[in-house]
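Dumped model-v7.cif below, it's mmCIF, C-alpha atoms and all ligand atoms:
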data_input
loop_
_atom_site.label_atom_id
_atom_site.label_comp_id
_atom_site.auth_asym_id
_atom_site.auth_seq_id
_atom_site.Cartn_x
_atom_site.Cartn_y
_atom_site.Cartn_z
CA MET A 9 -10.38 -14.55 -43.64
CA ASP A 10 -9.09 -16.97 -40.97
CA GLU A 11 -8.06 -16.90 -37.31
CA THR A 12 -4.45 -15.89 -38.13
CA ALA A 13 -5.66 -12.93 -40.17
CA LEU A 14 -7.98 -11.90 -37.34
CA ARG A 15 -5.13 -12.02 -34.82
CA SER A 16 -2.97 -9.81 -37.03
CA ALA A 17 -5.82 -7.30 -37.31
CA LEU A 18 -5.44 -6.59 -33.59
CA PRO A 19 -3.14 -3.79 -32.35
CA GLU A 20 0.20 -5.21 -31.09
CA ASN A 21 -0.43 -4.32 -27.41
CA ILE A 22 -3.65 -6.33 -27.52
CA ALA A 23 -2.53 -9.19 -29.78
CA TYR A 24 -0.03 -10.54 -27.27
CA ARG A 25 -2.79 -10.85 -24.68
CA VAL A 26 -4.96 -13.15 -26.82
CA GLN A 27 -5.62 -16.39 -24.93
CA ALA A 28 -8.19 -17.77 -27.36
CA LEU A 29 -9.76 -16.64 -30.64
CA LYS A 30 -12.58 -18.45 -32.40
CA LEU A 31 -14.31 -17.78 -35.70
CA ALA A 32 -17.82 -19.21 -36.11
CA GLU A 33 -19.39 -20.15 -39.41
CA ASP A 34 -21.80 -17.20 -39.29
CA GLY A 35 -18.84 -14.77 -39.15
CA GLY A 36 -19.12 -14.20 -35.38
CA VAL A 37 -15.76 -13.95 -33.59
CA SER A 38 -15.07 -14.54 -29.87
CA VAL A 39 -11.81 -13.39 -28.34
CA VAL A 40 -10.52 -14.02 -24.80
CA LEU A 41 -7.85 -11.57 -23.61
CA ASP A 42 -5.56 -11.90 -20.58
CA GLY A 43 -6.31 -8.90 -18.35
CA THR A 44 -3.38 -9.32 -15.94
CA GLY A 45 -2.17 -5.99 -14.61
CA LEU A 46 -4.88 -3.95 -16.33
CA GLY A 47 -7.04 -1.53 -14.38
CA ALA A 48 -10.80 -1.27 -15.01
CA ALA A 49 -10.40 1.69 -17.38
CA GLU A 50 -7.70 -0.08 -19.42
CA ARG A 51 -9.74 -3.29 -19.54
CA ALA A 52 -12.70 -1.35 -20.96
CA SER A 53 -10.56 0.44 -23.56
CA PHE A 54 -8.80 -2.82 -24.61
CA GLU A 55 -12.20 -4.46 -25.00
CA GLN A 56 -13.49 -1.64 -27.17
CA ALA A 57 -10.32 -1.42 -29.31
CA ALA A 58 -10.31 -5.19 -29.88
CA LYS A 59 -13.99 -5.18 -30.85
CA GLN A 60 -13.46 -2.33 -33.30
CA ALA A 61 -10.38 -3.93 -34.90
CA ILE A 62 -12.03 -7.33 -35.35
CA GLU A 63 -15.32 -5.95 -36.63
CA ALA A 64 -13.42 -3.89 -39.21
CA VAL A 65 -12.24 -7.13 -40.86
CA GLU A 66 -14.30 -7.95 -43.91
CA GLY A 67 -16.67 -10.84 -43.39
CA VAL A 68 -16.92 -10.48 -39.59
CA SER A 69 -20.53 -10.11 -38.48
CA ASP A 70 -19.97 -9.52 -34.78
CA ALA A 71 -17.12 -9.68 -32.20
CA ARG A 72 -17.48 -10.66 -28.55
CA ILE A 73 -14.50 -9.81 -26.40
CA ALA A 74 -13.89 -11.10 -22.86
CA VAL A 75 -11.02 -9.66 -20.82
CA MET A 76 -10.15 -12.15 -18.09
CA ALA A 77 -9.90 -10.95 -14.53
CA ASP A 78 -6.63 -9.89 -13.01
CA ARG A 79 -4.71 -12.81 -11.59
CA VAL A 80 -2.25 -10.80 -9.54
CA LYS A 81 -1.41 -12.46 -6.23
CA ARG A 82 -1.83 -9.54 -3.89
CA ARG A 83 -0.83 -9.24 -0.26
CA PHE A 84 -1.97 -6.67 2.26
CA ILE A 85 0.43 -5.64 5.02
CA ALA A 86 -1.00 -3.58 7.90
CA ILE A 87 1.23 -1.02 9.58
CA GLY A 88 -0.14 -0.44 13.05
CA SER A 89 0.75 1.22 16.33
CA GLY A 90 -0.71 1.33 19.80
CA LYS A 91 -0.41 5.08 20.19
CA GLY A 92 -0.81 8.01 17.80
CA GLY A 93 2.05 10.16 16.65
CA VAL A 94 4.76 7.49 16.89
CA GLY A 95 5.62 7.69 13.18
CA LYS A 96 3.43 4.96 11.68
CA SER A 97 2.52 7.06 8.63
CA THR A 98 6.11 8.20 8.10
CA LEU A 99 7.27 4.58 8.25
CA THR A 100 4.53 3.43 5.83
CA ALA A 101 5.42 6.08 3.23
CA ASN A 102 9.15 5.35 3.50
CA LEU A 103 8.66 1.58 3.32
CA ALA A 104 6.52 2.05 0.22
CA VAL A 105 9.14 4.12 -1.63
CA ALA A 106 11.93 1.80 -0.44
CA LEU A 107 10.06 -1.29 -1.71
CA LYS A 108 9.27 0.48 -4.97
CA ARG A 109 12.97 1.28 -5.47
CA MET A 110 13.76 -2.39 -4.79
CA GLY A 111 11.51 -3.31 -7.73
CA HIS A 112 8.33 -4.27 -5.86
CA LYS A 113 4.91 -3.43 -7.26
CA VAL A 114 3.64 -1.62 -4.21
CA GLY A 115 0.54 0.40 -3.32
CA VAL A 116 -0.57 2.31 -0.22
CA VAL A 117 -3.92 2.49 1.58
CA ASP A 118 -4.18 5.25 4.15
CA ALA A 119 -6.85 4.02 6.55
CA ASP A 120 -5.98 6.52 9.25
CA VAL A 121 -9.35 8.19 9.67
CA TYR A 122 -8.11 10.34 12.57
CA GLY A 123 -5.26 11.97 10.67
CA PRO A 124 -4.91 10.85 7.06
CA SER A 125 -1.41 12.03 6.19
CA GLN A 126 -0.40 9.89 3.21
CA PRO A 127 -1.63 12.49 0.63
CA THR A 128 0.97 14.86 2.15
CA LEU A 129 3.69 12.24 2.66
CA LEU A 130 3.32 10.83 -0.85
CA ALA A 131 2.52 14.17 -2.51
CA SER A 132 -0.99 13.48 -3.83
CA GLU A 133 -2.99 16.12 -1.95
CA LYS A 134 -4.59 17.56 -5.04
CA ALA A 135 -5.54 14.23 -6.60
CA LYS A 136 -9.18 13.16 -6.62
CA PRO A 137 -9.71 9.43 -7.11
CA GLU A 138 -12.46 8.48 -9.57
CA ALA A 139 -14.71 5.46 -9.45
CA ILE A 140 -15.34 3.23 -12.45
CA ASP A 141 -18.25 0.79 -12.05
CA ARG A 142 -18.27 1.79 -8.37
CA THR A 143 -14.64 0.71 -7.98
CA LEU A 144 -12.20 3.37 -6.78
CA GLN A 145 -9.19 4.06 -8.99
CA PRO A 146 -6.00 4.74 -7.00
CA VAL A 147 -4.12 7.98 -7.67
CA ALA A 148 -0.36 8.26 -8.27
CA GLY A 149 1.80 9.33 -5.32
CA THR A 150 5.59 9.86 -5.00
CA LEU A 151 7.54 7.67 -7.51
CA GLY A 152 4.19 6.88 -9.14
CA ILE A 153 3.10 4.66 -6.24
CA PRO A 154 -0.66 3.95 -6.53
CA MET A 155 -2.43 5.05 -3.39
CA LEU A 156 -5.77 5.86 -1.82
CA SER A 157 -6.41 7.70 1.40
CA MET A 158 -9.32 8.41 3.70
CA GLY A 159 -8.06 11.96 3.16
CA HIS A 160 -9.06 11.71 -0.51
CA LEU A 161 -12.62 10.78 0.53
CA ILE A 162 -13.22 12.92 3.60
CA ALA A 163 -13.55 16.68 3.40
CA PRO A 164 -10.92 18.33 5.66
CA GLY A 165 -12.24 18.80 9.18
CA LYS A 166 -14.96 16.13 8.79
CA ALA A 167 -12.87 13.24 10.16
CA LEU A 168 -14.79 13.04 13.45
CA ALA A 169 -18.10 12.29 11.72
CA TRP A 170 -16.42 9.44 9.90
CA ARG A 171 -15.46 7.35 12.87
CA GLY A 172 -17.05 4.00 13.62
CA LEU A 173 -19.02 2.10 11.03
CA LYS A 174 -18.72 4.71 8.29
CA ALA A 175 -14.95 4.62 8.53
CA ALA A 176 -15.01 0.82 8.46
CA GLY A 177 -17.15 0.95 5.28
CA ALA A 178 -14.75 3.41 3.66
CA LEU A 179 -11.87 1.09 4.50
CA THR A 180 -13.56 -1.66 2.47
CA GLU A 181 -13.82 0.70 -0.52
CA LEU A 182 -10.13 1.50 -0.28
CA ILE A 183 -9.08 -2.16 0.04
CA GLU A 184 -11.35 -3.34 -2.76
CA ALA A 185 -10.20 -0.61 -5.16
CA ASP A 186 -8.73 -1.32 -8.56
CA TRP A 187 -5.13 -2.05 -7.55
CA GLY A 188 -4.01 -3.05 -11.06
CA ASP A 189 -0.71 -4.92 -10.94
CA ALA A 190 0.24 -3.87 -7.39
CA GLU A 191 1.28 -7.00 -5.47
CA THR A 192 1.98 -5.56 -2.04
CA ILE A 193 -0.38 -3.04 -0.47
CA LEU A 194 0.79 -1.32 2.71
CA ILE A 195 -2.07 -0.18 4.93
CA ASP A 196 -1.48 2.74 7.27
CA LEU A 197 -3.95 1.94 10.09
CA PRO A 198 -5.26 4.41 12.62
CA PRO A 199 -3.54 4.11 16.01
CA GLY A 200 -5.01 1.80 18.61
CA THR A 201 -7.43 -1.10 18.37
CA GLY A 202 -10.79 0.40 17.25
CA ASP A 203 -13.47 -0.26 14.58
CA VAL A 204 -11.20 0.21 11.58
CA GLN A 205 -8.64 -2.26 12.95
CA LEU A 206 -11.36 -4.80 13.76
CA THR A 207 -12.87 -4.50 10.25
CA MET A 208 -9.39 -4.86 8.83
CA ILE A 209 -8.75 -8.03 10.80
CA GLN A 210 -12.20 -9.64 10.57
CA LYS A 211 -13.23 -8.72 7.06
CA HIS A 212 -10.03 -8.23 5.12
CA ARG A 213 -7.52 -10.25 7.15
CA PRO A 214 -4.14 -8.79 6.21
CA ASP A 215 -1.34 -11.17 5.32
CA GLY A 216 0.94 -9.66 7.94
CA ALA A 217 1.37 -6.71 10.27
CA VAL A 218 4.25 -4.42 11.20
CA ILE A 219 3.99 -2.63 14.54
CA VAL A 220 5.78 0.65 15.15
CA SER A 221 6.47 2.20 18.53
CA THR A 222 8.67 4.78 20.18
CA PRO A 223 10.86 3.39 22.95
CA GLN A 224 9.03 4.98 25.88
CA ASP A 225 7.19 2.67 28.28
CA LEU A 226 3.62 3.87 27.66
CA ALA A 227 3.92 3.53 23.88
CA LEU A 228 5.43 0.08 24.36
CA ILE A 229 2.49 -1.21 26.38
CA ASP A 230 0.05 -0.06 23.69
CA ALA A 231 2.26 -1.47 20.91
CA ALA A 232 2.29 -4.86 22.65
CA ARG A 233 -1.50 -4.75 22.86
CA ALA A 234 -1.78 -3.95 19.11
CA GLY A 235 0.63 -6.79 18.32
CA GLN A 236 -1.38 -9.22 20.43
CA LEU A 237 -4.62 -8.22 18.68
CA PHE A 238 -3.14 -9.30 15.34
CA GLU A 239 -1.55 -12.45 16.72
CA THR A 240 -4.77 -13.56 18.43
CA ALA A 241 -6.65 -13.12 15.13
CA GLY A 242 -4.06 -15.28 13.37
CA VAL A 243 -2.42 -12.40 11.46
CA PRO A 244 1.35 -12.92 11.61
CA VAL A 245 3.24 -10.01 13.12
CA ILE A 246 6.16 -9.53 10.71
CA GLY A 247 7.96 -7.54 13.35
CA LEU A 248 8.34 -4.44 15.49
CA VAL A 249 10.10 -1.20 14.51
CA GLU A 250 11.50 1.33 16.97
CA ASN A 251 11.00 4.90 15.72
CA MET A 252 12.39 8.13 17.17
CA SER A 253 15.18 6.07 18.61
CA GLY A 254 18.09 8.32 19.63
CA TYR A 255 18.72 11.90 18.57
CA GLN A 256 21.94 13.50 17.35
CA CYS A 257 22.15 17.21 18.09
CA PRO A 258 22.70 18.99 14.76
CA HIS A 259 24.81 21.65 16.58
CA CYS A 260 27.14 19.78 18.93
CA GLY A 261 26.83 16.25 17.45
CA GLU A 262 26.05 14.75 20.87
CA PHE A 263 23.67 11.74 20.97
CA SER A 264 20.77 11.65 23.39
CA ASP A 265 17.78 9.35 23.85
CA PRO A 266 14.68 11.53 24.46
CA PHE A 267 12.37 8.48 24.60
CA GLY A 268 14.92 6.01 25.93
CA GLN A 269 16.48 3.39 23.65
CA GLY A 270 16.23 -0.31 22.97
CA GLY A 271 12.77 -0.65 24.55
CA VAL A 272 11.11 -1.98 21.41
CA GLU A 273 13.81 -4.57 20.83
CA SER A 274 13.46 -5.90 24.34
CA ILE A 275 9.66 -6.03 24.17
CA ALA A 276 9.94 -7.83 20.81
CA ALA A 277 12.19 -10.39 22.49
CA ARG A 278 9.75 -10.75 25.38
CA LEU A 279 6.79 -11.30 22.99
CA GLU A 280 8.98 -13.56 20.81
CA LEU A 281 8.40 -11.33 17.80
CA PRO A 282 11.07 -10.28 15.27
CA PHE A 283 12.70 -6.87 15.66
CA LEU A 284 12.98 -5.10 12.29
CA GLY A 285 15.20 -2.17 13.21
CA ARG A 286 15.37 1.34 14.62
CA ILE A 287 14.84 4.70 12.95
CA PRO A 288 16.54 7.68 14.62
CA LEU A 289 14.78 10.94 15.44
CA THR A 290 16.13 13.43 12.92
CA MET A 291 15.01 16.76 11.60
CA ASP A 292 15.76 15.60 8.02
CA ILE A 293 13.20 12.78 8.29
CA ARG A 294 10.47 15.15 9.39
CA ILE A 295 11.24 17.87 6.86
CA ALA A 296 11.66 15.55 3.85
CA SER A 297 8.65 13.35 4.72
CA ASP A 298 6.32 16.25 5.41
CA ALA A 299 7.35 17.79 2.05
CA GLY A 300 6.15 14.71 0.13
CA ASN A 301 9.65 13.42 -0.47
CA PRO A 302 10.23 10.51 1.94
CA PRO A 303 14.00 10.18 2.53
CA ALA A 304 13.99 6.51 1.46
CA ALA A 305 13.28 7.78 -2.09
CA GLU A 306 16.97 8.72 -2.37
CA ASP A 307 20.33 7.20 -1.43
CA GLY A 308 21.82 8.68 1.71
CA ALA A 309 22.17 8.33 5.46
CA THR A 310 18.66 9.66 6.23
CA GLY A 311 16.87 7.02 4.18
CA ALA A 312 19.23 4.14 5.05
CA PRO A 313 17.45 2.95 8.25
CA PHE A 314 14.15 2.76 6.31
CA MET A 315 15.86 0.80 3.51
CA ALA A 316 17.18 -1.65 6.12
CA VAL A 317 13.67 -2.25 7.53
CA ALA A 318 12.27 -2.53 3.97
CA GLU A 319 14.85 -5.23 3.16
CA LYS A 320 13.63 -7.30 6.09
CA LEU A 321 10.04 -6.80 4.98
CA ALA A 322 10.99 -7.76 1.40
CA ASN A 323 12.63 -10.89 2.72
CA TRP A 324 9.51 -11.79 4.63
CA LEU A 325 7.40 -11.17 1.50
CA LYS A 326 9.69 -13.40 -0.54
CA GLN A 327 9.87 -16.27 1.87
CA GLY A 328 6.87 -15.76 4.12
CA LYS A 329 9.38 -15.62 6.97
CA HIS A 330 12.63 -13.92 7.98
CA GLY A 331 15.77 -15.18 6.30
N1 LIG A 401 12.10 9.38 12.95
C1 LIG A 401 11.55 10.59 12.94
N2 LIG A 401 12.31 11.69 13.09
C2 LIG A 401 11.74 12.93 13.10
N3 LIG A 401 10.44 13.16 12.99
C3 LIG A 401 9.64 12.09 12.83
C4 LIG A 401 10.14 10.75 12.79
N4 LIG A 401 9.09 9.91 12.62
C5 LIG A 401 7.99 10.69 12.54
N5 LIG A 401 8.32 11.99 12.68
C6 LIG A 401 7.41 13.15 12.68
O1 LIG A 401 6.48 12.97 13.75
C7 LIG A 401 5.17 13.40 13.37
C8 LIG A 401 4.20 12.22 13.53
O2 LIG A 401 4.57 11.21 12.63
P1 LIG A 401 3.48 10.34 11.86
O3 LIG A 401 2.39 11.20 11.33
O4 LIG A 401 4.21 9.46 10.92
O5 LIG A 401 2.94 9.49 13.09
P2 LIG A 401 1.65 8.55 13.17
O6 LIG A 401 1.99 7.51 14.16
O7 LIG A 401 1.27 8.10 11.82
O8 LIG A 401 0.60 9.55 13.71
P3 LIG A 401 -1.00 9.48 13.69
O9 LIG A 401 -1.37 9.16 15.06
O10 LIG A 401 -1.41 10.84 13.25
O11 LIG A 401 -1.38 8.42 12.72
C9 LIG A 401 5.30 13.89 11.93
O12 LIG A 401 5.47 15.28 11.91
C10 LIG A 401 6.58 13.23 11.42
O13 LIG A 401 7.26 13.97 10.42
#
Represent the supplied structure as structure tokens.
Ligand SMILES: Nc1ncnc2c1ncn2[C@@H]1O[C@H](COP(=O)(O)OP(=O)(O)OP(=O)(O)O)[C@@H](O)[C@H]1O
Amino acid sequence: MDETALRSALPENIAYRVQALKLAEDGGVSVVLDGTGLGAAERASFEQAAKQAIEAVEGVSDARIAVMADRVKRRFIAIGSGKGGVGKSTLTANLAVALKRMGHKVGVVDADVYGPSQPTLLASEKAKPEAIDRTLQPVAGTLGIPMLSMGHLIAPGKALAWRGLKAAGALTELIEADWGDAETILIDLPPGTGDVQLTMIQKHRPDGAVIVSTPQDLALIDAARAGQLFETAGVPVIGLVENMSGYQCPHCGEFSDPFGQGGVESIAARLELPFLGRIPLTMDIRIASDAGNPPAAEDGATGAPFMAVAEKLANWLKQGKHG
């Protein structure tokens, strides 16, 4: 029995992760495995399988297995808005599926304690996340995107009792969950600039923020305030998105601008922040998103504006700036 024989005793999916293997004179074996991309449950089962396989080799007295921690470089991107109901959750879900289709390893945290809607938008309402060693395990949403939502933790109708410090604590649990190999986590923040946002900024410091607003004046003022909160805390604002921008009547085809148009682009220019694009107000977006099938999951005109914003975000992620 030698180290080569011990390596070949390991199952193939474990053998290629061996970083070091040492056989001591007393027959004790230590193995170090690379745990990149493995969740807590997989790490535990790899550890057990490796121990069993090595200890089954004749002459081995004992096997000690160490699975090294995940070395994924992970970035958190906050999606915020000044006001509620401007489409922040819809944008988050569509950006997640768009990024996923572009090959990104993406995850979603729904931190919107006031109206957690990602379980609906990403079709994971029935899922119940488990905890392993007190670490939450994300559930699979649309296109298999790993996700966790305040909605998975809070019983329906109990959201009010969760505001303030409790919500901020829950946010930490969601952020520090077992994100496996996900490299980009989009965080759907509650609207405004309250406790959850402050915890996000002070404790978890996202790598960047996207601000969404409708074009009407009141929403714009609040969006500018949300943008400034991030900027002041040193969190780069990746850019502003104008949602519900222009409406085409499905009957007569005429375009109208119920909330005005171009307001977000001009406020972005005034604040010297990038403008990432506009998403029109369409019935298809609402129907598809609310049915757990965000339009960006498929090719077509409805999903195209989300894909365009996602490309700008992807560019920022690649270069740390806009190309
Ligand atoms: N571009 C759009 N066209 C049509 N409907 C939209 C569009 N964007 C969002 N909606 C609809 O508007 C409603 C509010 O959107 P959403 O929940 O994404 O907003 P929010 O800013 O996340 O709200 P909250 O304050 O609850 O967090 C939803 O019913 C959604 O389907």
Taking all atoms listed in the file into account, list the residues no farther than 6 Å from ligand LIG 401 (chain A), as a CSV table (one decimal) with C-alpha atoms, in the coordinates of the input.
chain,number,residue,atom,x,y,z
A,92,GLY,CA,-0.8,8.0,17.8
A,93,GLY,CA,2.0,10.2,16.6
A,94,VAL,CA,4.8,7.5,16.9
A,95,GLY,CA,5.6,7.7,13.2
A,96,LYS,CA,3.4,5.0,11.7
A,97,SER,CA,2.5,7.1,8.6
A,98,THR,CA,6.1,8.2,8.1
A,123,GLY,CA,-5.3,12.0,10.7
A,198,PRO,CA,-5.3,4.4,12.6
A,199,PRO,CA,-3.5,4.1,16.0
A,251,ASN,CA,11.0,4.9,15.7
A,252,MET,CA,12.4,8.1,17.2
A,287,ILE,CA,14.8,4.7,13.0
A,288,PRO,CA,16.5,7.7,14.6
A,289,LEU,CA,14.8,10.9,15.4
A,290,THR,CA,16.1,13.4,12.9
A,291,MET,CA,15.0,16.8,11.6
A,293,ILE,CA,13.2,12.8,8.3
A,294,ARG,CA,10.5,15.2,9.4
A,297,SER,CA,8.6,13.4,4.7
A,298,ASP,CA,6.3,16.2,5.4
Would you list the residues near (4.4, 3.6, 28.6), meaning any protein, DNA or RNA residue with an atom at most 12 Å from that point in file coordinates, counting all atoms listed in the file, as a PyMOL selection string? chain A and resi 90-91+221-233+267-268+271-272+275
note - CA of Cys257 in chain A and CA of Asp292 in chain A are separated by 12.0 Å
Using all atoms listed in the file, which residues sit within 6 Å of Ser38 in chain A once same-chain residues fewer than 3 positions away are excluded, as a PDB file with C-alpha atoms, keeping the file's coordinate frame?
ATOM      1  CA  LEU A  29      -9.760 -16.640 -30.640  1.00  0.00           C
ATOM      2  CA  LYS A  30     -12.580 -18.450 -32.400  1.00  0.00           C
ATOM      3  CA  ALA A  71     -17.120  -9.680 -32.200  1.00  0.00           C
ATOM      4  CA  ARG A  72     -17.480 -10.660 -28.550  1.00  0.00           C
ATOM      5  CA  ILE A  73     -14.500  -9.810 -26.400  1.00  0.00           C
TER       6      ILE A  73
END
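Of note, CA of Leu107 in chain A and CA of Gln210 in chain A are spaced 26.8 Å apart.
Between CA of Ile195 in chain A and CA of Gly115 in chain A the interatomic distance comes to 8.7 Å.
Closest to Val220 in chain A among A:Ala175, A:Val317, A:Val117, A:Leu99 is A:Leu99, based on all atoms listed in the file.
Residue nearest Ala13 in chain A, chosen from A:Glu66, A:Glu50, A:Asp118, A:Glu55 and counting all atoms listed in the file: A:Glu66.
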Shortest interatomic distance to Ala49 in chain A - which of A:Pro214, A:Pro124, A:Pro146, A:Gly35, counting all atoms listed in the file: A:Pro146
Counting all atoms listed in the file, write as number ranges by chain all protein and nucleic acid residues lying at most 9 Å from (-11.8, 5.5, 2.1) in the file's frame. A: 117-119, 121, 156-162, 175-183
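Distance annotation: of A:Asp70, A:Glu239, A:Glu11, A:Asp215, the residue with the minimal separation from Phe84 in chain A is A:Asp215; atom set is only C-alpha atoms.
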So that I can check the surroundings of Val26 in chain A, please list as a ChimeraX atom specification every protein, DNA and RNA residue that reaches within 8 Å of it, counting all atoms listed in the file and ignoring chain neighbours fewer than 3 positions away. /A:22-23,29,39-42
N, CA and C atoms are needed for range 84-97 of chain A; please write them out as a compact mmCIF listing (two decimals), keeping the file's coordinate frame.
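out-v9.txt written:
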# COMPACT_ATOMS: atom_id res chain seq x y z
N PHE A 84 -1.72 -7.90 1.50
CA PHE A 84 -1.97 -6.67 2.26
C PHE A 84 -1.17 -6.73 3.57
N ILE A 85 -0.38 -5.70 3.80
CA ILE A 85 0.43 -5.64 5.02
C ILE A 85 -0.04 -4.43 5.83
N ALA A 86 -0.53 -4.68 7.04
CA ALA A 86 -1.00 -3.58 7.90
C ALA A 86 0.17 -3.00 8.68
N ILE A 87 0.23 -1.67 8.74
CA ILE A 87 1.23 -1.02 9.58
C ILE A 87 0.45 -0.38 10.73
N GLY A 88 0.66 -0.88 11.92
CA GLY A 88 -0.14 -0.44 13.05
C GLY A 88 0.72 0.11 14.18
N SER A 89 0.05 0.76 15.12
CA SER A 89 0.75 1.22 16.33
C SER A 89 -0.28 1.25 17.44
N GLY A 90 0.21 1.23 18.67
CA GLY A 90 -0.71 1.33 19.80
C GLY A 90 -1.14 2.76 19.99
N LYS A 91 -0.17 3.66 19.93
CA LYS A 91 -0.41 5.08 20.19
C LYS A 91 -0.34 5.90 18.92
N GLY A 92 -0.93 7.10 18.93
CA GLY A 92 -0.81 8.01 17.80
C GLY A 92 0.51 8.77 17.85
N GLY A 93 0.90 9.28 16.71
CA GLY A 93 2.05 10.16 16.65
C GLY A 93 3.41 9.50 16.82
N VAL A 94 3.46 8.17 16.70
CA VAL A 94 4.76 7.49 16.89
C VAL A 94 5.52 7.34 15.57
N GLY A 95 4.91 7.73 14.45
CA GLY A 95 5.62 7.69 13.18
C GLY A 95 5.17 6.58 12.25
N LYS A 96 3.97 6.05 12.50
CA LYS A 96 3.43 4.96 11.68
C LYS A 96 3.27 5.39 10.23
N SER A 97 2.73 6.60 10.01
CA SER A 97 2.52 7.06 8.63
C SER A 97 3.85 7.34 7.94
